[in-house]
Amino acid sequence: MKKGCEKYVPFKPIHLEHREWPDKEIKKAPIWCSVDLRDGNQALINPMNLHEKLEMFKLLTDIGIKEIEVGFPSASETEYEILRTLIEGEYIPDDVTIQVLVQARPHLIEKTFEAIKGAKNVIVHFYNSTSTLQRKVVFKKDMEGITEIAVNGARLIRDLTDKMKGSGTNIRYEYSPESFTGTEPDFAVDICARVMEVLGATPENKIILNLPSTVESSSPNGYADQIEYFCKHLKNRESAIISLHPHNDRGTAVAAAELALMAGAERIEGTLFGNGERTGNVDIVTLALNMYTQAVDPGLDFSDINRVKKIYENTTKMVVGERHPYAGQLVFTAFSGSHQDAINKGKAYMKESGTEYWEIPYLPIDPADLGREYEPIIRINSQSGKGGAAFIMQNNFGYILPKNMHPEFGAVVKAECDERGRELTPNEVFELFRKEYLELDGPYKLIKHKIYEESTDGTSLVHMDCIMEFNGVEMSVSSTGNGPINAFTNIMKNVTGEDIRFVSYSEHAITSGSDARAVSYIEILMPNGKNYFGVGISHNINLASIRGLLCAVNRAEKG
Ligand code: KIV
Ligand code: ZN
């Protein structure tokens, strides 16, 4: 007995002359076939019950999958009953073809034909194992013996189809040389050709030849070579649809499927999120969205990926990993400051340039196309930078803090982080903003005010009468200015006795439509040489600025 890795038999690459697939590109979507309800279901700790299978079936049709392997009706009474319910309950849309799997064994084929009675469109999918290993250790038959199993199965299927003629059921055929990737390439071609002959495949009535990598055992290029070889050596190639059924034992099923499509395949069998035996089947979601990001319409609808994920998780009790391509909880989250910065620049570029393409670094797909959102995680710590908190305020809450204000609010947030000894969540950042600027309980309060304007020779003078409160004591103050902010600055100069200098002002709307409110950011310079920002919100733009100024003065007073 050999030790360690020496006991494994490496994949034998096939000799492929004039290999063409590396120069090919995927330009159109394959025919999609879901095997969630069969391969996926058989690999669950608790297989789906009737209700769950119906829910999954509905989801698959909502996504736009038109060929769905619904089960293995000859394998168990439950599978049989579920198929009957689907047919008798009229759950199958007219444009959807159901597929049923059966081993190439006479009594199972007969039972399968009973199970499909009354269905409109059916693919009868039969298979037997053809690999060197299975022939040797399981079936103990030579190539001829294995071919006989397939050919006999095909004959019976043809006879049973003939008997069903006129019943209203439209039957197509699929044959899988199971463990294709472990089968001698010429033998795989030969057995499929014999099956095609028996079933009378023609270009008008094509057979599906499904070439599974039942156990993934080579790098993806190995599978692509096998598919190209098969396509080139199969006589009557135009009478067959070449289908892939990749499993993911080496974690490269998606890549294998992509290269094998380049090698000439036209159809893919897979599952949502790659559920299936062992490490699963190929993941249809990833494959389809990989195409989408290459400007190839996959013909499947993942515009609400969270719904797809939720139904998948509820029905299978499996969990989609946090980093699962396109669907994982964290895949649109940017942790790194430099990534966030590049994403912001990409967003700004798209807006300014009006480009019709998606040109944002670090985001290979627009999260909105999947009903998702980009979520920057700003780490408020020594690495977050002063723009981090401002970014959260803009991105999560719609407050566009002026650039000069970033260091001031950044320092407030950083101090809180140091105090708590951890990062802050976006809501905690907003809470700090609210306490620091919007709900500041300062010594100065504006109880009442009146503004009126006088205009002569094109110049206007704004008069302002206020009732102010300072430390609980009310006072009436009046002043004038060239505008409301100027008039109120003069009032605050009177009230505080300080030479307050107005430095900058910016404002924007924070809600749209008739309920629009303005937020004003006011910067002042106090005689101590320090600048302070204040923030005010109101439906009235003048009042927003007045509140902003009052907030700045109160913050200065607090020190
Ligand atoms: O993985 C496989 O080979 C299968 C066949 C039954 C198609 O699931
Ligand atoms: Zn499989």
# chains A, B, ... in the order shown; residues from 1 in each chain; ligands from 1

call {"tool": "residues_around", "arguments": {"residues": "stretch 216-221 of chain A", "least_positions_apart": "2", "cutoff": "7 Å", "atoms": "only C-alpha atoms", "output": "VMD selection string"}}
result
chain A and resid 11 213 to 214 223 to 225 247 to 250 252 255 to 256 259

call {"tool": "write_last_selection", "arguments": {"atoms": "C-alpha atoms", "output": "mmCIF file, in the first residue's frame"}}
result
data_model
loop_
_atom_site.group_PDB
_atom_site.id
_atom_site.type_symbol
_atom_site.label_atom_id
_atom_site.label_comp_id
_atom_site.auth_asym_id
_atom_site.auth_seq_id
_atom_site.Cartn_x
_atom_site.Cartn_y
_atom_site.Cartn_z
ATOM 1 C CA PHE A 11 -6.172 12.425 -14.343
ATOM 2 C CA SER A 213 -18.181 15.294 -14.520
ATOM 3 C CA THR A 214 -19.871 13.122 -11.913
ATOM 4 C CA TYR A 223 -13.042 18.861 -18.977
ATOM 5 C CA ALA A 224 -13.001 21.349 -21.865
ATOM 6 C CA ASP A 225 -10.651 19.088 -23.827
ATOM 7 C CA HIS A 247 -19.805 18.672 -10.038
ATOM 8 C CA ASN A 248 -17.546 20.730 -7.830
ATOM 9 C CA ASP A 249 -15.213 18.298 -6.045
ATOM 10 C CA ARG A 250 -12.124 20.374 -6.838
ATOM 11 C CA THR A 252 -13.698 24.548 -10.028
ATOM 12 C CA ALA A 255 -14.622 27.406 -14.423
ATOM 13 C CA ALA A 256 -15.005 23.918 -15.886
ATOM 14 C CA LEU A 259 -14.404 26.364 -20.540
#

call {"tool": "residues_around", "arguments": {"residues": "stretch 476-480 of chain A", "least_positions_apart": "6", "cutoff": "8 Å", "atoms": "only C-alpha atoms", "output": "PyMOL selection string"}}
result
chain A and resi 461-468+486-488+490-491+494-495

call {"tool": "closest_residue", "arguments": {"among": "A:Ala253, A:Met492, A:Ala288, A:Met56", "to": "ligand 1", "atoms": "only C-alpha atoms and all ligand atoms"}}
result
A:Ala253

call {"tool": "residues_near_ligand", "arguments": {"ligand": "ligand 1", "cutoff": "10 Å", "atoms": "only C-alpha atoms and all ligand atoms", "output": "JSON, numbers by chain"}}
result
{"A": [35, 38, 39, 40, 42, 72, 101, 102, 103, 125, 126, 127, 128, 129, 174, 175, 176, 177, 178, 179, 180, 181, 210, 211, 212, 213, 214, 215, 216, 244, 245, 246, 247, 269, 270, 276, 277, 280, 281]}

call {"tool": "residues_around", "arguments": {"residues": "stretch 503-506 of chain A", "least_positions_apart": "4", "cutoff": "8 Å", "atoms": "only C-alpha atoms", "output": "list in words"}}
result
Pro402, Ser520, Tyr521, Ile522, Glu523, Ile524 and Leu525 of chain A

call {"tool": "atom_distance", "arguments": {"atom1": "atom CA of A:Asn205", "atom2": "atom CA of A:Glu258"}}
result
26.2 Å

call {"tool": "select_by_dssp", "arguments": {"residues": "stretch 267-384 of chain A", "states": "strand (DSSP E)", "output": "short mmCIF file (atom, residue, chain, number, x, y, z; two decimals) with N, CA and C atoms, in the first residue's frame"}}
result
data_model
loop_
_atom_site.label_atom_id
_atom_site.label_comp_id
_atom_site.auth_asym_id
_atom_site.auth_seq_id
_atom_site.Cartn_x
_atom_site.Cartn_y
_atom_site.Cartn_z
N ARG A 267 -25.71 23.37 -23.29
CA ARG A 267 -26.71 23.27 -22.22
C ARG A 267 -25.98 23.00 -20.91
N ILE A 268 -26.57 23.48 -19.81
CA ILE A 268 -25.94 23.28 -18.50
C ILE A 268 -26.96 22.75 -17.51
N GLU A 269 -26.59 21.73 -16.80
CA GLU A 269 -27.39 21.29 -15.66
C GLU A 269 -26.67 21.72 -14.39
N GLY A 270 -27.39 22.40 -13.53
CA GLY A 270 -26.77 22.86 -12.29
C GLY A 270 -27.85 23.21 -11.28
N THR A 333 -19.53 44.53 0.30
CA THR A 333 -19.03 45.32 1.42
C THR A 333 -17.56 45.63 1.16
N ALA A 334 -17.20 46.91 1.25
CA ALA A 334 -15.78 47.26 1.12
C ALA A 334 -15.24 47.60 2.49
N GLU A 375 -22.16 48.40 0.39
CA GLU A 375 -22.10 48.74 1.82
C GLU A 375 -20.67 48.94 2.25
N PRO A 376 -20.24 50.18 2.33
CA PRO A 376 -18.88 50.38 2.82
C PRO A 376 -18.84 50.18 4.32
#

call {"tool": "closest_residue", "arguments": {"among": "A:Ala154, A:Leu133, A:Val138, A:Ile171", "to": "A:Gln99", "atoms": "only C-alpha atoms"}}
result
A:Ile171

call {"tool": "atom_distance", "arguments": {"atom1": "atom CA of A:Trp32", "atom2": "atom CA of A:Asp94"}}
result
16.7 Å

call {"tool": "select_by_dssp", "arguments": {"residues": "stretch 72-221 of chain A", "states": "alpha helix (DSSP H)", "output": "JSON, numbers by chain"}}
result
{"A": [77, 78, 79, 80, 81, 82, 83, 84, 85, 86, 87, 88, 106, 107, 108, 109, 110, 111, 112, 113, 114, 115, 132, 133, 134, 143, 144, 145, 146, 147, 148, 149, 150, 151, 152, 153, 154, 155, 156, 157, 158, 159, 160, 161, 162, 163, 164, 185, 186, 187, 188, 189, 190, 191, 192, 193, 194, 195, 196, 197, 198, 199, 220, 221]}

call {"tool": "residues_around", "arguments": {"residues": "A:Phe230", "least_positions_apart": "3", "cutoff": "9 Å", "atoms": "only C-alpha atoms", "output": "PyMOL selection string"}}
result
chain A and resi 185-186+188-189+225-227+233-234

call {"tool": "closest_residue", "arguments": {"among": "A:Lys347, A:Lys235, A:Arg307, A:Arg172", "to": "A:Glu197", "atoms": "only C-alpha atoms"}}
result
A:Lys235

call {"tool": "atom_distance", "arguments": {"atom1": "atom CA of A:Ile208", "atom2": "atom CA of A:Ile92"}}
result
21.1 Å
